file start_36.txt (compact mmCIF, C-alpha atoms)
# COMPACT_ATOMS: atom_id res chain seq x y z
CA MET A 851 -71.11 0.56 48.88
CA ILE A 852 -68.33 0.90 46.36
CA ARG A 853 -65.84 0.87 49.19
CA ALA A 854 -67.39 -2.29 50.63
CA LEU A 855 -67.34 -3.91 47.21
CA ALA A 856 -63.71 -2.94 46.75
CA LEU A 857 -62.90 -4.44 50.12
CA LEU A 858 -64.74 -7.62 49.20
CA LEU A 859 -62.81 -7.87 45.95
CA LEU A 860 -59.59 -7.24 47.80
CA MET A 861 -60.37 -10.08 50.18
CA ALA A 862 -61.37 -12.36 47.33
CA PHE A 863 -58.18 -11.73 45.37
CA PRO A 864 -55.69 -10.85 48.06
CA ALA A 865 -52.49 -11.44 46.16
CA ALA A 866 -53.47 -10.07 42.77
CA ALA A 867 -50.12 -9.10 41.34
CA GLN A 868 -49.28 -6.94 38.37
CA THR A 869 -46.15 -7.51 36.37
CA PHE A 870 -43.82 -4.93 34.84
CA ASP A 871 -40.73 -5.10 32.66
CA THR A 872 -37.80 -3.31 34.24
CA SER A 873 -34.03 -3.04 33.95
CA ALA A 874 -33.85 -5.84 36.53
CA GLY A 875 -36.11 -8.08 34.45
CA ARG A 876 -39.77 -8.78 34.91
CA VAL A 877 -41.05 -7.89 38.37
CA GLU A 878 -44.27 -8.51 40.24
CA VAL A 879 -46.02 -5.84 42.28
CA THR A 880 -48.30 -7.35 44.91
CA ARG A 881 -50.79 -5.45 47.02
CA MET A 882 -50.04 -6.52 50.60
CA ALA A 883 -52.41 -4.25 52.54
CA GLY A 884 -55.23 -1.91 51.57
CA GLY A 885 -57.82 0.34 53.17
CA LEU A 886 -55.17 2.76 54.45
CA ASP A 887 -56.15 6.37 54.98
CA THR A 888 -53.39 8.69 53.74
CA PRO A 889 -50.50 6.43 54.74
CA TRP A 890 -47.21 8.28 55.21
CA ALA A 891 -44.56 5.81 56.29
CA VAL A 892 -43.98 2.09 56.68
CA ALA A 893 -41.42 0.52 59.00
CA PHE A 894 -40.43 -3.11 59.32
CA LEU A 895 -39.93 -4.50 62.79
CA PRO A 896 -36.67 -6.40 62.95
CA GLY A 897 -36.64 -9.64 64.93
CA GLY A 898 -38.58 -9.92 68.17
CA ALA A 899 -41.88 -11.56 68.90
CA SER A 900 -44.17 -9.52 66.67
CA MET B 963 -52.91 -12.41 52.88
CA GLY B 964 -49.63 -13.88 54.08
CA GLY B 965 -46.19 -13.79 52.60
CA GLY B 966 -43.55 -11.15 52.44
CA LEU B 967 -42.79 -10.95 56.12
CA PRO B 968 -40.52 -13.35 57.96
CA ALA B 969 -42.45 -15.44 60.48
CA GLY B 970 -43.06 -13.65 63.74
CA ARG B 971 -42.22 -10.22 62.40
CA GLY B 972 -44.49 -7.36 61.60
CA LEU B 973 -44.61 -3.83 60.34
CA LEU B 974 -46.01 -0.46 61.30
CA ILE B 975 -47.72 2.13 59.10
CA THR B 976 -48.44 5.74 59.97
CA GLU B 977 -51.57 7.46 58.68
CA ARG B 978 -51.21 11.21 58.46
CA ASP B 979 -54.30 12.01 60.51
CA GLY B 980 -52.62 10.43 63.52
CA LYS B 981 -53.24 6.69 63.44
CA LEU B 982 -50.51 4.12 63.90
CA LEU B 983 -51.30 0.66 62.50
CA HIS B 984 -49.59 -2.61 63.30
CA PHE B 985 -49.67 -5.60 60.96
CA ASP B 986 -48.41 -8.88 62.35
CA GLY B 987 -46.75 -11.63 60.33
CA GLU B 988 -50.21 -12.95 59.36
CA TRP B 989 -51.34 -9.49 58.20
CA GLN B 990 -53.74 -8.99 61.09
CA ARG B 991 -54.25 -5.27 61.43
CA ARG B 992 -54.61 -3.44 64.74
CA ASP B 993 -54.50 0.18 65.85
CA VAL B 994 -51.66 1.05 68.19
CA ALA B 995 -52.70 3.35 71.06
CA GLY B 996 -50.57 6.03 72.65
CA VAL B 997 -49.71 8.11 69.60
CA PRO B 998 -49.02 11.75 70.56
CA GLN B 999 -51.53 14.41 69.51
CA VAL B 1000 -50.66 15.64 66.03
CA TYR B 1001 -51.36 18.81 64.06
CA ALA B 1002 -53.35 17.14 61.28
CA SER B 1003 -53.75 20.03 58.88
CA GLY B 1004 -52.23 20.85 55.51
CA GLN B 1005 -49.10 18.73 55.19
CA GLY B 1006 -48.98 18.19 58.94
CA GLY B 1007 -49.84 15.08 60.91
CA LEU B 1008 -48.23 11.83 61.92
CA LEU B 1009 -45.31 11.47 59.54
CA ASP B 1010 -42.27 9.19 59.58
CA LEU B 1011 -41.29 6.22 61.66
CA VAL B 1012 -38.49 3.70 61.87
CA ALA B 1013 -37.68 0.85 64.25
CA ALA B 1014 -34.47 1.21 66.22
CA ARG B 1015 -31.64 -1.07 65.13
CA ASP B 1016 -31.87 -2.77 68.54
CA PHE B 1017 -35.68 -3.07 68.36
CA ALA B 1018 -35.57 -6.81 69.10
CA ALA B 1019 -34.11 -6.00 72.52
CA THR B 1020 -35.58 -2.55 73.27
CA ARG B 1021 -38.86 -2.48 71.26
CA GLU B 1022 -38.10 1.20 70.56
CA ILE B 1023 -39.32 3.14 67.54
CA PHE B 1024 -38.69 6.69 66.36
CA LEU B 1025 -41.64 8.81 65.21
CA THR B 1026 -41.76 12.23 63.56
CA TYR B 1027 -44.88 14.37 63.47
CA ALA B 1028 -46.27 17.87 63.30
CA GLU B 1029 -46.92 18.88 66.90
CA PRO B 1030 -49.50 21.54 67.77
CA ALA B 1031 -47.98 24.32 69.87
CA ASP B 1032 -48.64 27.93 70.84
CA GLY B 1033 -48.38 29.94 67.65
CA GLY B 1034 -48.96 27.06 65.23
CA ALA B 1035 -47.09 23.80 64.80
CA ARG B 1036 -43.59 22.38 64.71
CA THR B 1037 -41.91 19.18 63.63
CA ALA B 1038 -41.20 16.92 66.59
CA VAL B 1039 -39.45 13.59 67.13
CA ALA B 1040 -40.45 11.03 69.75
CA VAL B 1041 -39.05 7.72 70.90
CA ALA B 1042 -41.42 5.13 72.34
CA ARG B 1043 -41.54 1.46 73.20
CA LEU B 1044 -43.97 -0.75 71.29
CA SER B 1045 -45.63 -3.08 73.81
CA GLU B 1046 -44.99 -6.80 73.38
CA ASP B 1047 -48.54 -7.26 72.06
CA ALA B 1048 -48.10 -4.23 69.77
CA ARG B 1049 -51.27 -2.64 71.16
CA THR B 1050 -49.69 0.47 72.72
CA LEU B 1051 -46.78 2.85 72.59
CA ASP B 1052 -45.29 3.04 76.07
CA ASP B 1053 -42.83 5.40 77.71
CA LEU B 1054 -43.08 7.98 74.92
CA ARG B 1055 -40.41 10.68 75.13
CA VAL B 1056 -40.33 13.74 72.87
CA ILE B 1057 -36.62 14.12 72.12
CA PHE B 1058 -36.71 17.00 69.64
CA ARG B 1059 -38.90 20.00 68.88
CA MET B 1060 -38.27 22.32 65.96
CA SER B 1061 -37.71 25.94 66.90
CA PRO B 1062 -39.36 28.35 66.41
CA THR B 1063 -43.03 27.39 66.12
CA VAL B 1064 -44.77 29.10 63.22
CA PRO B 1065 -48.35 29.06 61.89
CA GLY B 1066 -49.51 27.15 58.84
CA GLY B 1067 -49.40 23.62 57.53
CA ARG B 1068 -46.56 23.67 55.01
CA HIS B 1069 -43.15 21.94 54.80
CA PHE B 1070 -42.66 19.98 57.99
CA GLY B 1071 -40.35 17.45 56.30
CA SER B 1072 -39.67 14.93 57.69
CA ARG B 1073 -37.80 11.65 57.81
CA VAL B 1074 -35.74 10.01 60.52
CA VAL B 1075 -32.91 7.53 59.96
CA GLU B 1076 -30.72 5.86 62.56
CA ASN B 1077 -26.98 5.69 62.05
CA ALA B 1078 -24.83 2.72 63.00
CA ASP B 1079 -23.34 4.76 65.88
CA GLY B 1080 -26.79 5.15 67.45
CA THR B 1081 -27.28 8.80 66.48
CA ILE B 1082 -30.24 9.80 64.32
CA PHE B 1083 -30.63 12.17 61.41
CA VAL B 1084 -33.91 14.07 61.09
CA THR B 1085 -34.80 16.08 57.98
CA LEU B 1086 -36.79 19.28 58.57
CA GLY B 1087 -38.69 21.43 56.08
CA GLU B 1088 -38.58 25.22 56.18
CA ARG B 1089 -42.29 25.53 57.14
CA GLY B 1090 -42.98 27.70 54.12
CA GLN B 1091 -40.58 30.38 55.38
CA ALA B 1092 -37.87 30.05 52.78
CA ASP B 1093 -35.44 32.60 54.20
CA LEU B 1094 -35.25 30.73 57.50
CA ALA B 1095 -33.52 27.84 55.71
CA GLN B 1096 -30.43 30.07 55.71
CA ASP B 1097 -30.92 31.28 59.29
CA VAL B 1098 -28.82 29.02 61.54
CA SER B 1099 -30.64 30.23 64.65
CA THR B 1100 -33.68 28.21 63.49
CA HIS B 1101 -34.30 24.55 62.67
CA MET B 1102 -36.20 25.40 59.50
CA GLY B 1103 -34.85 23.74 56.38
CA LYS B 1104 -32.13 21.83 58.20
CA VAL B 1105 -30.92 18.32 58.82
CA VAL B 1106 -30.21 17.70 62.50
CA ARG B 1107 -28.14 14.93 64.11
CA LEU B 1108 -29.10 13.88 67.64
CA ASN B 1109 -28.51 11.18 70.17
CA ARG B 1110 -31.40 8.87 70.75
CA ASP B 1111 -32.25 10.60 74.04
CA GLY B 1112 -32.28 13.99 72.32
CA SER B 1113 -28.91 15.11 73.63
CA LEU B 1114 -26.28 16.42 71.23
CA PRO B 1115 -23.71 13.94 69.94
CA ASP B 1116 -20.00 14.52 69.47
CA GLY B 1117 -18.94 15.32 65.97
CA ASN B 1118 -21.64 17.77 64.91
CA PRO B 1119 -20.36 20.76 62.90
CA ASP B 1120 -20.03 24.24 64.40
CA PHE B 1121 -22.46 26.78 62.91
CA GLY B 1122 -21.30 29.54 65.27
CA VAL B 1123 -22.69 31.42 68.24
CA GLY B 1124 -26.46 31.32 68.49
CA ALA B 1125 -26.91 28.36 66.17
CA ALA B 1126 -29.91 26.14 66.85
CA PRO B 1127 -28.91 22.89 68.58
CA GLY B 1128 -28.20 19.80 66.54
CA LEU B 1129 -27.60 21.29 63.09
CA TRP B 1130 -25.87 19.01 60.60
CA SER B 1131 -26.56 20.81 57.29
CA ILE B 1132 -28.62 23.80 56.19
CA GLY B 1133 -30.38 25.29 53.16
CA HIS B 1134 -32.93 22.53 52.51
CA ARG B 1135 -36.50 23.27 51.36
CA ASN B 1136 -38.73 20.34 52.29
CA PRO B 1137 -36.86 17.04 52.51
CA GLN B 1138 -39.40 14.19 52.63
CA GLY B 1139 -37.04 11.35 51.85
CA ALA B 1140 -33.84 10.12 53.48
CA ALA B 1141 -31.76 6.96 53.49
CA LEU B 1142 -28.27 5.72 54.28
CA ASP B 1143 -26.08 4.08 51.66
CA ALA B 1144 -24.01 0.96 52.36
CA ASP B 1145 -21.16 3.19 53.57
CA GLY B 1146 -23.49 4.84 56.09
CA ARG B 1147 -23.68 8.16 54.24
CA LEU B 1148 -26.91 10.15 54.33
CA TRP B 1149 -28.84 10.92 51.15
CA THR B 1150 -31.96 13.08 51.03
CA VAL B 1151 -34.61 14.10 48.53
CA ALA B 1152 -36.49 17.39 48.83
CA HIS B 1153 -39.41 19.06 47.15
CA GLY B 1154 -38.48 22.06 45.02
CA ALA B 1155 -40.89 24.84 44.11
CA ARG B 1156 -41.93 24.83 40.44
CA GLY B 1157 -39.04 22.60 39.42
CA GLY B 1158 -35.92 22.01 41.41
CA ASP B 1159 -36.65 18.86 43.43
CA GLU B 1160 -33.19 17.88 44.67
CA ILE B 1161 -31.23 14.81 45.63
CA ASN B 1162 -28.47 15.74 48.07
CA ARG B 1163 -25.86 13.92 50.11
CA PRO B 1164 -25.80 16.23 53.13
CA GLU B 1165 -22.38 16.55 54.70
CA ALA B 1166 -21.52 18.11 58.05
CA GLY B 1167 -21.54 21.89 58.06
CA LYS B 1168 -22.55 22.36 54.44
CA ASN B 1169 -25.16 24.65 52.93
CA TYR B 1170 -27.47 23.26 50.25
CA GLY B 1171 -28.49 26.67 49.04
CA TRP B 1172 -32.26 27.06 49.42
CA PRO B 1173 -33.61 29.71 48.72
CA VAL B 1174 -30.48 31.49 47.47
CA ILE B 1175 -29.76 28.96 44.74
CA SER B 1176 -32.25 26.58 43.18
CA TYR B 1177 -33.16 24.93 39.90
CA GLY B 1178 -36.81 25.84 40.41
CA ARG B 1179 -38.95 28.88 39.96
CA ALA B 1180 -41.57 30.26 42.31
CA TYR B 1181 -45.12 29.14 41.56
CA SER B 1182 -45.68 32.68 40.27
CA GLY B 1183 -43.11 31.94 37.58
CA LEU B 1184 -40.61 34.40 39.02
CA THR B 1185 -37.02 33.32 39.53
CA ILE B 1186 -35.90 32.41 43.04
CA GLY B 1187 -32.83 33.84 44.72
CA GLU B 1188 -29.64 34.38 42.79
CA GLY B 1189 -29.69 31.56 40.25
CA THR B 1190 -28.31 28.06 40.30
CA HIS B 1191 -24.76 28.43 41.61
CA LYS B 1192 -23.03 30.29 44.40
CA GLN B 1193 -19.71 29.91 46.13
CA GLY B 1194 -20.06 28.29 49.53
CA MET B 1195 -23.28 26.53 48.52
CA GLU B 1196 -23.49 22.94 47.37
CA GLN B 1197 -24.89 21.72 44.09
CA PRO B 1198 -27.47 18.93 44.26
CA VAL B 1199 -26.34 15.47 43.16
CA THR B 1200 -29.21 15.64 40.69
CA TYR B 1201 -32.49 17.53 40.33
CA TRP B 1202 -35.86 17.34 38.59
CA ASP B 1203 -37.33 20.16 36.52
CA PRO B 1204 -40.29 19.97 36.19
CA SER B 1205 -40.96 18.63 39.65
CA ILE B 1206 -42.06 15.10 40.41
CA ALA B 1207 -43.01 15.89 44.06
CA PRO B 1208 -40.68 13.34 45.67
CA SER B 1209 -41.41 11.65 48.99
CA GLY B 1210 -39.80 8.58 50.51
CA MET B 1211 -36.42 7.10 49.67
CA ALA B 1212 -34.73 3.73 49.83
CA ILE B 1213 -31.26 2.59 48.79
CA LEU B 1214 -31.35 -1.09 47.92
CA SER B 1215 -28.84 -3.57 49.30
CA GLY B 1216 -29.07 -5.79 46.24
CA ARG B 1217 -30.06 -8.82 48.33
CA MET B 1218 -33.10 -9.45 46.13
CA PHE B 1219 -32.24 -7.23 43.15
CA PRO B 1220 -28.48 -7.51 42.46
CA GLU B 1221 -28.84 -5.27 39.37
CA TRP B 1222 -30.16 -2.49 41.58
CA GLU B 1223 -27.58 -2.72 44.36
CA GLY B 1224 -26.85 0.74 45.74
CA ASP B 1225 -29.43 2.46 43.55
CA ILE B 1226 -31.73 5.11 45.00
CA PHE B 1227 -35.51 4.68 44.80
CA VAL B 1228 -37.78 7.68 45.29
CA GLY B 1229 -41.58 7.91 45.24
CA SER B 1230 -43.35 10.52 43.11
CA LEU B 1231 -46.53 12.01 44.49
CA LYS B 1232 -47.31 13.96 41.36
CA ASP B 1233 -46.41 11.67 38.47
CA ASP B 1234 -47.35 8.38 40.14
CA TYR B 1235 -44.15 6.41 39.68
CA VAL B 1236 -41.17 5.06 41.55
CA SER B 1237 -37.97 6.63 40.33
CA ARG B 1238 -34.89 4.41 40.18
CA LEU B 1239 -31.76 6.53 40.19
CA ASP B 1240 -28.86 4.53 38.84
CA ARG B 1241 -26.06 5.43 41.23
CA GLU B 1242 -22.34 5.08 40.70
CA SER B 1243 -20.73 6.07 44.00
CA ASP B 1244 -21.53 9.78 44.36
CA ARG B 1245 -23.11 10.28 40.96
CA ILE B 1246 -26.50 9.56 39.45
CA VAL B 1247 -25.99 8.38 35.89
CA ALA B 1248 -29.56 7.58 34.77
CA GLU B 1249 -33.17 7.51 35.85
CA GLU B 1250 -35.70 4.73 35.24
CA GLY B 1251 -39.39 5.41 35.84
CA LEU B 1252 -41.02 2.31 37.33
CA PHE B 1253 -44.77 1.51 37.24
CA ARG B 1254 -45.55 4.90 35.72
CA GLY B 1255 -49.19 5.93 36.13
CA THR B 1256 -50.24 2.67 37.79
CA PHE B 1257 -50.25 3.53 41.51
CA ALA B 1258 -51.41 6.91 42.78
CA ARG B 1259 -49.24 9.24 44.88
CA ILE B 1260 -46.24 7.23 46.05
CA ARG B 1261 -45.52 8.48 49.57
CA ASP B 1262 -42.91 6.10 50.95
CA VAL B 1263 -40.39 3.62 49.57
CA ARG B 1264 -38.48 1.07 51.67
CA GLU B 1265 -36.40 -2.06 51.41
CA GLY B 1266 -37.98 -5.03 53.17
CA PRO B 1267 -36.12 -7.45 55.44
CA ASP B 1268 -35.51 -9.81 52.52
CA GLY B 1269 -34.36 -7.12 50.08
CA ALA B 1270 -37.70 -6.66 48.31
CA LEU B 1271 -38.78 -3.13 47.34
CA TRP B 1272 -41.92 -1.90 49.14
CA PHE B 1273 -43.90 1.25 48.62
CA LEU B 1274 -46.96 3.05 49.97
CA SER B 1275 -49.50 4.55 47.59
CA GLU B 1276 -51.39 7.36 49.24
CA GLY B 1277 -53.96 7.50 46.43
CA ASP B 1278 -54.68 3.77 46.53
CA GLY B 1279 -54.44 3.62 50.33
CA ALA B 1280 -52.29 0.56 49.89
CA LEU B 1281 -48.94 -1.06 50.59
CA TYR B 1282 -47.20 -2.88 47.74
CA ARG B 1283 -44.26 -5.28 47.52
CA VAL B 1284 -42.03 -5.62 44.47
CA THR B 1285 -40.27 -8.92 43.80
CA PRO B 1286 -38.76 -10.63 40.74
CA ALA B 1287 -41.52 -12.33 38.70
CA GLU B 1288 -41.39 -16.10 38.79
call {"tool": "encode", "arguments": {"input": "start_36.txt", "output": "structure tokens"}}
result
Amino acid sequence: MIRALALLLLMAFPAAAQTFDTSAGRVEVTRMAGGLDTPWAVAFLPGGAS
Amino acid sequence: MGGGLPAGRGLLITERDGKLLHFDGEWQRRDVAGVPQVYASGQGGLLDLVAARDFAATREIFLTYAEPADGGARTAVAVARLSEDARTLDDLRVIFRMSPTVPGGRHFGSRVVENADGTIFVTLGERGQADLAQDVSTHMGKVVRLNRDGSLPDGNPDFGVGAAPGLWSIGHRNPQGAALDADGRLWTVAHGARGGDEINRPEAGKNYGWPVISYGRAYSGLTIGEGTHKQGMEQPVTYWDPSIAPSGMAILSGRMFPEWEGDIFVGSLKDDYVSRLDRESDRIVAEEGLFRGTFARIRDVREGPDGALWFLSEGDGALYRVTPAE
């Protein structure tokens, strides 16, 4: 239930960003994907169709 | 959700229990089939991945994982082709298997990075058998350099008769972060014991000292090895004591954050922050703790295609993107 609610909130406010002051000025941290189960690594796919 | 990814591009995420997820440019999520069976126990499971530099032409990705085997588990590396629709891994080839296989779920490493010359570096933990990090007949606690088909490249150092194939450097404990700097040099970050997490810049043929020298203590509180220095063993570039439990590393290009060009970013699993290590060539001159206490267990840190800083929070089960505030 709580999980479902969290998911609903996530979908309702997908780009909720938090801001932080850093040595490079103010930055925004945006949640891009959630609901991951013990994620270990992320890799960007350069070029190509998808 | 949208945003953050150039049109038509996507990303992949590993989950430790053995799932590979694909997100397309519109953030549609799908499972990718064809992942090898993993030893999902303790620290083992599906671990690192990176797309080959020529992915646009070959669709190839490199994966590291804990592989079940007779006698326990071992770190393995596979190359596979991501299908055009990103639904399956095809033509999977296991190009490296750590030797020997030992029982238990500790210290698999691992990260894989691809060099400009097409070789790959793979970082390997010592599987909880500290002394083997100094034993060149094993892959425990080593960095290896391999060709993409698993064969041995020219230019690897000579560790003598009986050395395990592929060794690049030795004496590492559990390196769970690796990245290349703009000059193509490898940097790693490894978990220490109680204290003594290390940043190193592993060079061919060198010995990084574990467990003979270390800035940590055993969890029992006893000292480890012979102290902090020894001839023939390298000092870390910097270290943490107490430990932060580092995992994941990125070195930023400065494309989006000019102030942070060349700096090293490391995730902390224990203290829930992203560490920015202010780097001047071969030295770390300062540390800045970013987002301290906000996101739980930072497992991976990467630079995105546009120069943004991205990180994975294991505790939140989420992927985050860092950009300058507008």
call {"tool": "atom_distance", "arguments": {"input": "start_36.txt", "atom1": "CA of Val879 (chain A)", "atom2": "CA of Asp1240 (chain B)"}}
result
20.3 Å
call {"tool": "residues_around", "arguments": {"input": "start_36.txt", "residues": "Gly875 (chain A)", "least_positions_apart": "4", "cutoff": "9 Å", "atoms": "all atoms listed in the file", "output": "list in words"}}
result
Phe870 and Asp871 of chain A; Pro1286 and Ala1287 of chain B
call {"tool": "interface_residues", "arguments": {"input": "start_36.txt", "of": "chain B", "to": "chain A", "cutoff": "7 Å", "atoms": "only C-alpha atoms", "output": "PyMOL selection string"}}
result
chain B and resi 963+970-978+986+1009-1013+1017-1018+1219+1221+1253+1261-1262+1266+1274+1276+1279-1287
call {"tool": "write_last_selection", "arguments": {"input": "start_36.txt", "atoms": "C-alpha atoms", "output": "PDB file, in the coordinates of the input"}}
result
ATOM      1  CA  MET B 963     -52.910 -12.410  52.880  1.00  0.00           C
ATOM      2  CA  GLY B 970     -43.060 -13.650  63.740  1.00  0.00           C
ATOM      3  CA  ARG B 971     -42.220 -10.220  62.400  1.00  0.00           C
ATOM      4  CA  GLY B 972     -44.490  -7.360  61.600  1.00  0.00           C
ATOM      5  CA  LEU B 973     -44.610  -3.830  60.340  1.00  0.00           C
ATOM      6  CA  LEU B 974     -46.010  -0.460  61.300  1.00  0.00           C
ATOM      7  CA  ILE B 975     -47.720   2.130  59.100  1.00  0.00           C
ATOM      8  CA  THR B 976     -48.440   5.740  59.970  1.00  0.00           C
ATOM      9  CA  GLU B 977     -51.570   7.460  58.680  1.00  0.00           C
ATOM     10  CA  ARG B 978     -51.210  11.210  58.460  1.00  0.00           C
ATOM     11  CA  ASP B 986     -48.410  -8.880  62.350  1.00  0.00           C
ATOM     12  CA  LEU B1009     -45.310  11.470  59.540  1.00  0.00           C
ATOM     13  CA  ASP B1010     -42.270   9.190  59.580  1.00  0.00           C
ATOM     14  CA  LEU B1011     -41.290   6.220  61.660  1.00  0.00           C
ATOM     15  CA  VAL B1012     -38.490   3.700  61.870  1.00  0.00           C
ATOM     16  CA  ALA B1013     -37.680   0.850  64.250  1.00  0.00           C
ATOM     17  CA  PHE B1017     -35.680  -3.070  68.360  1.00  0.00           C
ATOM     18  CA  ALA B1018     -35.570  -6.810  69.100  1.00  0.00           C
ATOM     19  CA  PHE B1219     -32.240  -7.230  43.150  1.00  0.00           C
ATOM     20  CA  GLU B1221     -28.840  -5.270  39.370  1.00  0.00           C
ATOM     21  CA  PHE B1253     -44.770   1.510  37.240  1.00  0.00           C
ATOM     22  CA  ARG B1261     -45.520   8.480  49.570  1.00  0.00           C
ATOM     23  CA  ASP B1262     -42.910   6.100  50.950  1.00  0.00           C
ATOM     24  CA  GLY B1266     -37.980  -5.030  53.170  1.00  0.00           C
ATOM     25  CA  LEU B1274     -46.960   3.050  49.970  1.00  0.00           C
ATOM     26  CA  GLU B1276     -51.390   7.360  49.240  1.00  0.00           C
ATOM     27  CA  GLY B1279     -54.440   3.620  50.330  1.00  0.00           C
ATOM     28  CA  ALA B1280     -52.290   0.560  49.890  1.00  0.00           C
ATOM     29  CA  LEU B1281     -48.940  -1.060  50.590  1.00  0.00           C
ATOM     30  CA  TYR B1282     -47.200  -2.880  47.740  1.00  0.00           C
ATOM     31  CA  ARG B1283     -44.260  -5.280  47.520  1.00  0.00           C
ATOM     32  CA  VAL B1284     -42.030  -5.620  44.470  1.00  0.00           C
ATOM     33  CA  THR B1285     -40.270  -8.920  43.800  1.00  0.00           C
ATOM     34  CA  PRO B1286     -38.760 -10.630  40.740  1.00  0.00           C
ATOM     35  CA  ALA B1287     -41.520 -12.330  38.700  1.00  0.00           C
TER      36      ALA B1287
END
call {"tool": "atom_distance", "arguments": {"input": "start_36.txt", "atom1": "CA of Gly1277 (chain B)", "atom2": "CA of Val994 (chain B)"}}
result
22.8 Å
call {"tool": "residues_around", "arguments": {"input": "start_36.txt", "residues": "Pro1127 (chain B)", "least_positions_apart": "5", "cutoff": "10 Å", "atoms": "all atoms listed in the file", "output": "list in words"}}
result
Phe1058, Met1060, Ser1061, Val1098, Ser1099, Thr1100, His1101, Val1106, Arg1107, Leu1108, Ser1113, Leu1114, Asn1118, Asp1120 and Phe1121 of chain B
